[in-house]
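Colleague: My questions will all concern the structure given below.
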Amino acid sequence: MSRDSTTGRVLARIVHYTAIILATLLLADGVCILFDLFPPKPRYGDADLGWLRARPSEIVRIKECMEFSTGKTYAYERNEDGVRTAQTVLELLADHAATKIAVTGDSQTDLCVPNQDNHPGILEKKLKEDGIPAVVLPYPSGRYSPLQDYLAFKKMLRKYDPRVLVLDFYTGNDFLDLLRSDDRPHFVSKGSGYSIAS
(Lines give C-alpha, C1' and ligand atoms only; values in the text may rest on other atoms or scores of the structure.)
Protein backbone atom coordinates (compact mmCIF):
# COMPACT_ATOMS: atom_id res chain seq x y z
CA MET A 1 0.00 0.00 0.00
CA SER A 2 1.41 3.36 -0.98
CA ARG A 3 1.98 6.19 1.41
CA ASP A 4 -0.22 8.52 -0.68
CA SER A 5 -3.22 6.20 -0.43
CA THR A 6 -2.81 5.93 3.37
CA THR A 7 -2.64 9.73 3.70
CA GLY A 8 -5.67 10.04 1.45
CA ARG A 9 -7.70 7.62 3.57
CA VAL A 10 -6.73 9.41 6.80
CA LEU A 11 -7.73 12.76 5.31
CA ALA A 12 -11.00 11.29 4.03
CA ARG A 13 -11.81 9.98 7.52
CA ILE A 14 -10.97 13.36 9.10
CA VAL A 15 -13.27 15.12 6.62
CA HIS A 16 -15.97 12.49 7.14
CA TYR A 17 -15.92 12.73 10.96
CA THR A 18 -15.66 16.52 10.89
CA ALA A 19 -18.77 16.64 8.69
CA ILE A 20 -20.62 14.32 11.09
CA ILE A 21 -19.65 16.45 14.11
CA LEU A 22 -20.66 19.71 12.37
CA ALA A 23 -23.98 18.23 11.21
CA THR A 24 -24.70 16.97 14.73
CA LEU A 25 -23.91 20.36 16.27
CA LEU A 26 -26.06 22.19 13.71
CA LEU A 27 -28.93 19.77 14.29
CA ALA A 28 -28.65 20.13 18.09
CA ASP A 29 -28.49 23.93 17.77
CA GLY A 30 -31.53 23.91 15.48
CA VAL A 31 -33.53 21.80 17.95
CA CYS A 32 -32.55 24.12 20.83
CA ILE A 33 -33.61 27.19 18.86
CA LEU A 34 -36.82 25.57 17.58
CA PHE A 35 -37.99 24.54 21.05
CA ASP A 36 -36.45 27.56 22.86
CA LEU A 37 -34.64 25.18 25.21
CA PHE A 38 -31.89 27.56 26.38
CA PRO A 39 -33.13 31.09 25.77
CA PRO A 40 -30.64 33.92 26.36
CA LYS A 41 -31.05 35.77 29.63
CA PRO A 42 -30.56 39.47 28.95
CA ARG A 43 -29.39 41.64 31.83
CA TYR A 44 -31.41 44.80 31.37
CA GLY A 45 -30.00 46.53 34.44
CA ASP A 46 -31.47 49.89 35.31
CA ALA A 47 -34.88 50.64 33.78
CA ASP A 48 -33.78 54.13 32.67
CA LEU A 49 -30.11 53.63 31.82
CA GLY A 50 -29.93 50.07 30.53
CA TRP A 51 -27.16 48.02 32.07
CA LEU A 52 -25.79 50.05 34.93
CA ARG A 53 -22.21 49.43 35.95
CA ALA A 54 -21.96 51.82 38.90
CA ARG A 55 -24.66 50.41 41.13
CA PRO A 56 -25.91 52.30 44.17
CA SER A 57 -25.03 50.88 47.59
CA GLU A 58 -25.43 51.84 51.23
CA ILE A 59 -21.80 52.84 51.80
CA VAL A 60 -18.81 54.37 50.06
CA ARG A 61 -17.06 51.43 48.43
CA ILE A 62 -13.45 50.86 47.54
CA LYS A 63 -13.29 49.37 44.06
CA GLU A 64 -10.29 47.77 42.43
CA CYS A 65 -9.36 47.51 38.79
CA MET A 66 -6.37 46.25 36.84
CA GLU A 67 -4.72 48.40 34.18
CA PHE A 68 -4.24 45.88 31.39
CA SER A 69 -1.28 47.60 29.75
CA THR A 70 0.80 47.46 32.95
CA GLY A 71 -0.89 44.72 34.98
CA LYS A 72 -0.97 47.09 37.96
CA THR A 73 -3.99 47.12 40.28
CA TYR A 74 -5.48 50.43 41.44
CA ALA A 75 -8.09 51.26 44.06
CA TYR A 76 -10.65 54.04 43.88
CA GLU A 77 -13.81 55.04 45.74
CA ARG A 78 -17.43 55.27 44.66
CA ASN A 79 -20.07 56.74 46.96
CA GLU A 80 -23.51 55.28 47.62
CA ASP A 81 -24.85 56.55 44.27
CA GLY A 82 -21.88 55.21 42.32
CA VAL A 83 -20.21 58.62 41.91
CA ARG A 84 -16.40 58.29 41.84
CA THR A 85 -15.73 60.17 45.06
CA ALA A 86 -14.95 59.41 48.69
CA GLN A 87 -17.59 61.95 49.79
CA THR A 88 -20.90 60.48 50.88
CA VAL A 89 -24.23 61.50 49.41
CA LEU A 90 -25.12 63.44 52.58
CA GLU A 91 -21.80 65.33 52.55
CA LEU A 92 -22.28 66.33 48.92
CA LEU A 93 -25.89 67.39 49.41
CA ALA A 94 -24.93 69.49 52.46
CA ASP A 95 -22.14 71.31 50.58
CA HIS A 96 -23.67 74.55 49.26
CA ALA A 97 -20.40 76.51 49.07
CA ALA A 98 -18.54 74.54 46.40
CA THR A 99 -19.11 74.80 42.67
CA LYS A 100 -20.24 71.33 41.68
CA ILE A 101 -19.27 69.95 38.30
CA ALA A 102 -20.93 66.78 37.00
CA VAL A 103 -18.86 64.61 34.65
CA THR A 104 -20.22 61.69 32.64
CA GLY A 105 -18.63 59.48 30.00
CA ASP A 106 -17.75 55.96 29.00
CA SER A 107 -14.58 53.93 29.56
CA GLN A 108 -12.45 56.85 28.34
CA THR A 109 -13.63 58.66 31.49
CA ASP A 110 -13.89 55.63 33.78
CA LEU A 111 -10.15 55.02 33.66
CA CYS A 112 -8.44 52.46 35.84
CA VAL A 113 -6.62 54.95 38.07
CA PRO A 114 -7.20 56.43 41.53
CA ASN A 115 -9.86 59.14 41.48
CA GLN A 116 -7.38 61.96 41.99
CA ASP A 117 -5.40 60.81 38.92
CA ASN A 118 -8.19 60.72 36.33
CA HIS A 119 -9.09 63.91 34.50
CA PRO A 120 -12.09 64.81 36.73
CA GLY A 121 -9.78 64.50 39.76
CA ILE A 122 -7.10 66.62 38.11
CA LEU A 123 -9.75 69.23 37.18
CA GLU A 124 -10.91 69.44 40.81
CA LYS A 125 -7.34 69.74 42.09
CA LYS A 126 -6.47 72.48 39.58
CA LEU A 127 -9.60 74.51 40.38
CA LYS A 128 -8.87 74.30 44.11
CA GLU A 129 -5.26 75.37 43.51
CA ASP A 130 -6.63 78.41 41.66
CA GLY A 131 -8.81 79.30 44.66
CA ILE A 132 -12.11 78.00 43.26
CA PRO A 133 -13.93 75.79 45.77
CA ALA A 134 -15.00 73.02 43.40
CA VAL A 135 -16.30 69.49 43.75
CA VAL A 136 -16.17 67.34 40.64
CA LEU A 137 -18.73 64.54 40.52
CA PRO A 138 -17.66 61.88 37.98
CA TYR A 139 -20.23 59.26 37.04
CA PRO A 140 -18.59 57.35 34.19
CA SER A 141 -19.45 53.86 33.06
CA GLY A 142 -17.71 51.78 30.41
CA ARG A 143 -19.60 51.31 27.12
CA TYR A 144 -22.11 54.05 27.90
CA SER A 145 -23.36 56.03 24.94
CA PRO A 146 -23.65 59.84 25.13
CA LEU A 147 -27.40 59.35 25.58
CA GLN A 148 -26.78 57.12 28.59
CA ASP A 149 -24.27 59.69 29.89
CA TYR A 150 -26.96 62.37 29.75
CA LEU A 151 -29.59 60.11 31.31
CA ALA A 152 -27.10 59.20 34.07
CA PHE A 153 -26.67 62.93 34.74
CA LYS A 154 -30.44 63.38 34.99
CA LYS A 155 -30.98 60.33 37.20
CA MET A 156 -27.86 60.20 39.36
CA LEU A 157 -26.14 63.60 39.40
CA ARG A 158 -28.80 66.30 39.06
CA LYS A 159 -29.87 65.90 42.69
CA TYR A 160 -26.46 67.31 43.74
CA ASP A 161 -27.39 70.57 41.98
CA PRO A 162 -24.26 70.87 39.81
CA ARG A 163 -23.66 74.17 38.01
CA VAL A 164 -21.75 72.55 35.15
CA LEU A 165 -22.09 69.32 33.15
CA VAL A 166 -19.06 67.92 31.33
CA LEU A 167 -20.12 65.12 29.00
CA ASP A 168 -17.00 63.39 27.70
CA PHE A 169 -17.43 62.33 24.10
CA TYR A 170 -15.15 59.71 22.58
CA THR A 171 -15.28 59.96 18.80
CA GLY A 172 -13.97 56.40 18.39
CA ASN A 173 -17.36 54.77 19.00
CA ASP A 174 -19.81 57.19 20.63
CA PHE A 175 -21.64 58.12 17.40
CA LEU A 176 -22.39 54.43 16.81
CA ASP A 177 -23.28 53.89 20.49
CA LEU A 178 -26.15 56.36 20.13
CA LEU A 179 -27.87 53.94 17.76
CA ARG A 180 -26.90 50.57 19.27
CA SER A 181 -29.90 48.79 20.75
CA ASP A 182 -28.25 46.10 22.89
CA ASP A 183 -30.41 46.52 26.02
CA ARG A 184 -29.55 50.17 26.37
CA PRO A 185 -31.54 53.34 25.70
CA HIS A 186 -30.94 54.42 22.13
CA PHE A 187 -32.37 56.73 19.49
CA VAL A 188 -34.90 55.52 16.94
CA SER A 189 -36.19 57.44 13.95
CA LYS A 190 -39.54 59.10 14.56
CA GLY A 191 -41.02 61.31 11.88
CA SER A 192 -38.43 63.93 10.99
CA GLY A 193 -36.48 63.41 14.23
CA TYR A 194 -35.60 60.84 16.85
CA SER A 195 -37.05 59.57 20.10
CA ILE A 196 -35.58 57.50 22.92
CA ALA A 197 -36.32 53.79 22.95
CA SER A 198 -35.09 51.18 25.41
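Letters A, B, ... go to the chains of the C-alpha coordinates in the order shown; residues in each chain start at 1; ligands are counted from 1 in the same order.
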Could you make a table, as CSV, of the residues of range 58-116 of chain A that have an atom within 9 Å of an atom of range 146-155 of chain A, each with its nearest atom pair and distance in Å to one decimal, counting only C-alpha atoms, in chain and number order?

Modeller:
residue,atom,partner,partner_atom,distance
A:Ala102,CA,A:Phe153,CA,7.3
A:Val103,CA,A:Phe153,CA,8.0
A:Thr104,CA,A:Asp149,CA,5.3
A:Gly105,CA,A:Asp149,CA,5.6
A:Asp106,CA,A:Asp149,CA,7.6

Colleague: Keeping N, CA and C atoms, export the residues of the selection given above as a PDB file, in the first residue's frame.

Modeller:
ATOM      1  N   ALA A 102     -20.593  68.153  37.329  1.00  0.00           N
ATOM      2  CA  ALA A 102     -20.934  66.777  36.999  1.00  0.00           C
ATOM      3  C   ALA A 102     -20.152  66.361  35.763  1.00  0.00           C
ATOM      4  N   VAL A 103     -19.612  65.146  35.789  1.00  0.00           N
ATOM      5  CA  VAL A 103     -18.864  64.612  34.648  1.00  0.00           C
ATOM      6  C   VAL A 103     -19.403  63.221  34.335  1.00  0.00           C
ATOM      7  N   THR A 104     -19.783  63.012  33.078  1.00  0.00           N
ATOM      8  CA  THR A 104     -20.216  61.690  32.643  1.00  0.00           C
ATOM      9  C   THR A 104     -19.414  61.283  31.414  1.00  0.00           C
ATOM     10  N   GLY A 105     -19.361  59.988  31.156  1.00  0.00           N
ATOM     11  CA  GLY A 105     -18.632  59.477  30.004  1.00  0.00           C
ATOM     12  C   GLY A 105     -18.551  57.969  30.064  1.00  0.00           C
ATOM     13  N   ASP A 106     -17.882  57.414  29.067  1.00  0.00           N
ATOM     14  CA  ASP A 106     -17.751  55.960  29.000  1.00  0.00           C
ATOM     15  C   ASP A 106     -16.398  55.531  29.551  1.00  0.00           C
TER      16      ASP A 106
END

Colleague: Taking a cut-off of 9 Å and counting only C-alpha atoms, can you build a table that, for each residue of range 93-143 of chain A near range 75-80 of chain A, reports the nearest atom pair and how far apart they are in Å (one decimal), sorted by chain then residue number, as JSON lines?

Modeller:
{"residue": "A:Cys112", "atom": "CA", "partner": "A:Ala75", "partner_atom": "CA", "distance": 8.3}
{"residue": "A:Val113", "atom": "CA", "partner": "A:Tyr76", "partner_atom": "CA", "distance": 7.1}
{"residue": "A:Pro114", "atom": "CA", "partner": "A:Tyr76", "partner_atom": "CA", "distance": 4.8}
{"residue": "A:Asn115", "atom": "CA", "partner": "A:Tyr76", "partner_atom": "CA", "distance": 5.7}
{"residue": "A:Gln116", "atom": "CA", "partner": "A:Tyr76", "partner_atom": "CA", "distance": 8.8}

Colleague: Selected residues, all heavy atoms, written as an mmCIF file, in the first residue's frame, please.

Modeller:
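Once everything was written out, this is part-v4.cif:
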data_model
loop_
_atom_site.group_PDB
_atom_site.id
_atom_site.type_symbol
_atom_site.label_atom_id
_atom_site.label_comp_id
_atom_site.auth_asym_id
_atom_site.auth_seq_id
_atom_site.Cartn_x
_atom_site.Cartn_y
_atom_site.Cartn_z
ATOM 1 N N CYS A 112 -8.914 53.270 34.729
ATOM 2 C CA CYS A 112 -8.436 52.456 35.842
ATOM 3 C C CYS A 112 -7.266 53.173 36.506
ATOM 4 O O CYS A 112 -6.097 52.844 36.282
ATOM 5 C CB CYS A 112 -8.025 51.072 35.349
ATOM 6 S SG CYS A 112 -7.463 50.011 36.680
ATOM 7 N N VAL A 113 -7.584 54.173 37.294
ATOM 8 C CA VAL A 113 -6.616 54.950 38.069
ATOM 9 C C VAL A 113 -7.310 55.425 39.336
ATOM 10 O O VAL A 113 -8.537 55.439 39.403
ATOM 11 C CB VAL A 113 -6.087 56.184 37.282
ATOM 12 C CG1 VAL A 113 -5.270 55.763 36.069
ATOM 13 C CG2 VAL A 113 -7.214 57.108 36.871
ATOM 14 N N PRO A 114 -6.560 55.824 40.363
ATOM 15 C CA PRO A 114 -7.203 56.431 41.529
ATOM 16 C C PRO A 114 -7.969 57.689 41.114
ATOM 17 O O PRO A 114 -7.613 58.347 40.132
ATOM 18 C CB PRO A 114 -6.030 56.776 42.447
ATOM 19 C CG PRO A 114 -4.938 55.845 42.032
ATOM 20 C CD PRO A 114 -5.114 55.656 40.554
ATOM 21 N N ASN A 115 -9.009 58.014 41.849
ATOM 22 C CA ASN A 115 -9.864 59.142 41.477
ATOM 23 C C ASN A 115 -9.093 60.440 41.270
ATOM 24 O O ASN A 115 -9.399 61.209 40.365
ATOM 25 C CB ASN A 115 -10.952 59.352 42.535
ATOM 26 C CG ASN A 115 -12.002 58.267 42.481
ATOM 27 O OD1 ASN A 115 -12.098 57.520 41.505
ATOM 28 N ND2 ASN A 115 -12.784 58.153 43.531
ATOM 29 N N GLN A 116 -8.098 60.697 42.112
ATOM 30 C CA GLN A 116 -7.378 61.963 41.992
ATOM 31 C C GLN A 116 -6.490 62.013 40.747
ATOM 32 O O GLN A 116 -6.030 63.073 40.352
ATOM 33 C CB GLN A 116 -6.540 62.259 43.250
ATOM 34 C CG GLN A 116 -5.383 61.309 43.475
ATOM 35 C CD GLN A 116 -5.752 60.079 44.293
ATOM 36 O OE1 GLN A 116 -6.925 59.777 44.500
ATOM 37 N NE2 GLN A 116 -4.745 59.354 44.752
#

Colleague: Any idea what the distance is between CA of Leu123 in chain A and CA of Asp46 in chain A?

Modeller: 29.1 Å

Colleague: Among range 104-140 of chain A, which residues carry a DSSP assignment of strand (DSSP E), reported as a PyMOL selection string?

Modeller: chain A and resi 104-105+134-140

Colleague: Residues of range 5-190 of chain A classed as helix (DSSP H, G or I) by DSSP on the backbone are to be reported as number ranges by chain.

Modeller: A: 5-34, 89-94, 115-117, 119-129, 146-160, 174-177

Colleague: I'd like to know which of A:Val135, A:Asp174, A:Leu34, A:Lys100 is closest to Asp161 in chain A, using only C-alpha atoms.

Modeller: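 For Asp161 in chain A, the nearest of the candidates is A:Lys100.
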
Colleague: How many Å lie between CA of Thr24 in chain A and CA of Arg9 in chain A, rounded to one decimal?

Modeller: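 One can read the CA of Thr24 in chain A to CA of Arg9 in chain A distance as 22.4 Å.
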
Colleague: Distance CA of Gly142 in chain A-CA of Tyr170 in chain A, one decimal place?

Modeller: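 For CA of Gly142 in chain A relative to CA of Tyr170 in chain A, the distance reads 11.4 Å.
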
Colleague: Might you pull out every residue within 10 Å of Leu127 in chain A, with only C-alpha atoms counted and same-chain residues fewer than 6 positions away left off, and present them as a PDB file with all heavy atoms, in the first residue's frame?

Modeller:
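Okay, this is what ended up in result.pdb:
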ATOM      1  N   THR A  99     -18.565  74.904  44.018  1.00  0.00           N
ATOM      2  CA  THR A  99     -19.105  74.804  42.668  1.00  0.00           C
ATOM      3  C   THR A  99     -19.042  73.335  42.270  1.00  0.00           C
ATOM      4  O   THR A  99     -17.965  72.749  42.214  1.00  0.00           O
ATOM      5  CB  THR A  99     -18.273  75.648  41.680  1.00  0.00           C
ATOM      6  OG1 THR A  99     -18.305  77.009  42.096  1.00  0.00           O
ATOM      7  CG2 THR A  99     -18.800  75.515  40.266  1.00  0.00           C
ATOM      8  N   PRO A 133     -13.461  76.953  45.007  1.00  0.00           N
ATOM      9  CA  PRO A 133     -13.927  75.790  45.769  1.00  0.00           C
ATOM     10  C   PRO A 133     -14.826  74.919  44.878  1.00  0.00           C
ATOM     11  O   PRO A 133     -15.986  75.243  44.645  1.00  0.00           O
ATOM     12  CB  PRO A 133     -14.706  76.396  46.934  1.00  0.00           C
ATOM     13  CG  PRO A 133     -15.146  77.736  46.422  1.00  0.00           C
ATOM     14  CD  PRO A 133     -14.116  78.183  45.428  1.00  0.00           C
ATOM     15  N   ALA A 134     -14.268  73.848  44.359  1.00  0.00           N
ATOM     16  CA  ALA A 134     -15.000  73.015  43.398  1.00  0.00           C
ATOM     17  C   ALA A 134     -15.057  71.580  43.877  1.00  0.00           C
ATOM     18  O   ALA A 134     -14.152  71.089  44.542  1.00  0.00           O
ATOM     19  CB  ALA A 134     -14.329  73.082  42.037  1.00  0.00           C
ATOM     20  N   VAL A 135     -16.146  70.916  43.530  1.00  0.00           N
ATOM     21  CA  VAL A 135     -16.302  69.486  43.746  1.00  0.00           C
ATOM     22  C   VAL A 135     -16.698  68.887  42.401  1.00  0.00           C
ATOM     23  O   VAL A 135     -17.709  69.279  41.815  1.00  0.00           O
ATOM     24  CB  VAL A 135     -17.387  69.170  44.802  1.00  0.00           C
ATOM     25  CG1 VAL A 135     -17.627  67.677  44.901  1.00  0.00           C
ATOM     26  CG2 VAL A 135     -16.991  69.734  46.148  1.00  0.00           C
ATOM     27  N   VAL A 136     -15.872  67.982  41.905  1.00  0.00           N
ATOM     28  CA  VAL A 136     -16.169  67.336  40.636  1.00  0.00           C
ATOM     29  C   VAL A 136     -16.809  65.986  40.931  1.00  0.00           C
ATOM     30  O   VAL A 136     -16.317  65.216  41.755  1.00  0.00           O
ATOM     31  CB  VAL A 136     -14.890  67.188  39.781  1.00  0.00           C
ATOM     32  CG1 VAL A 136     -15.204  66.479  38.467  1.00  0.00           C
ATOM     33  CG2 VAL A 136     -14.287  68.559  39.507  1.00  0.00           C
TER      34      VAL A 136
END
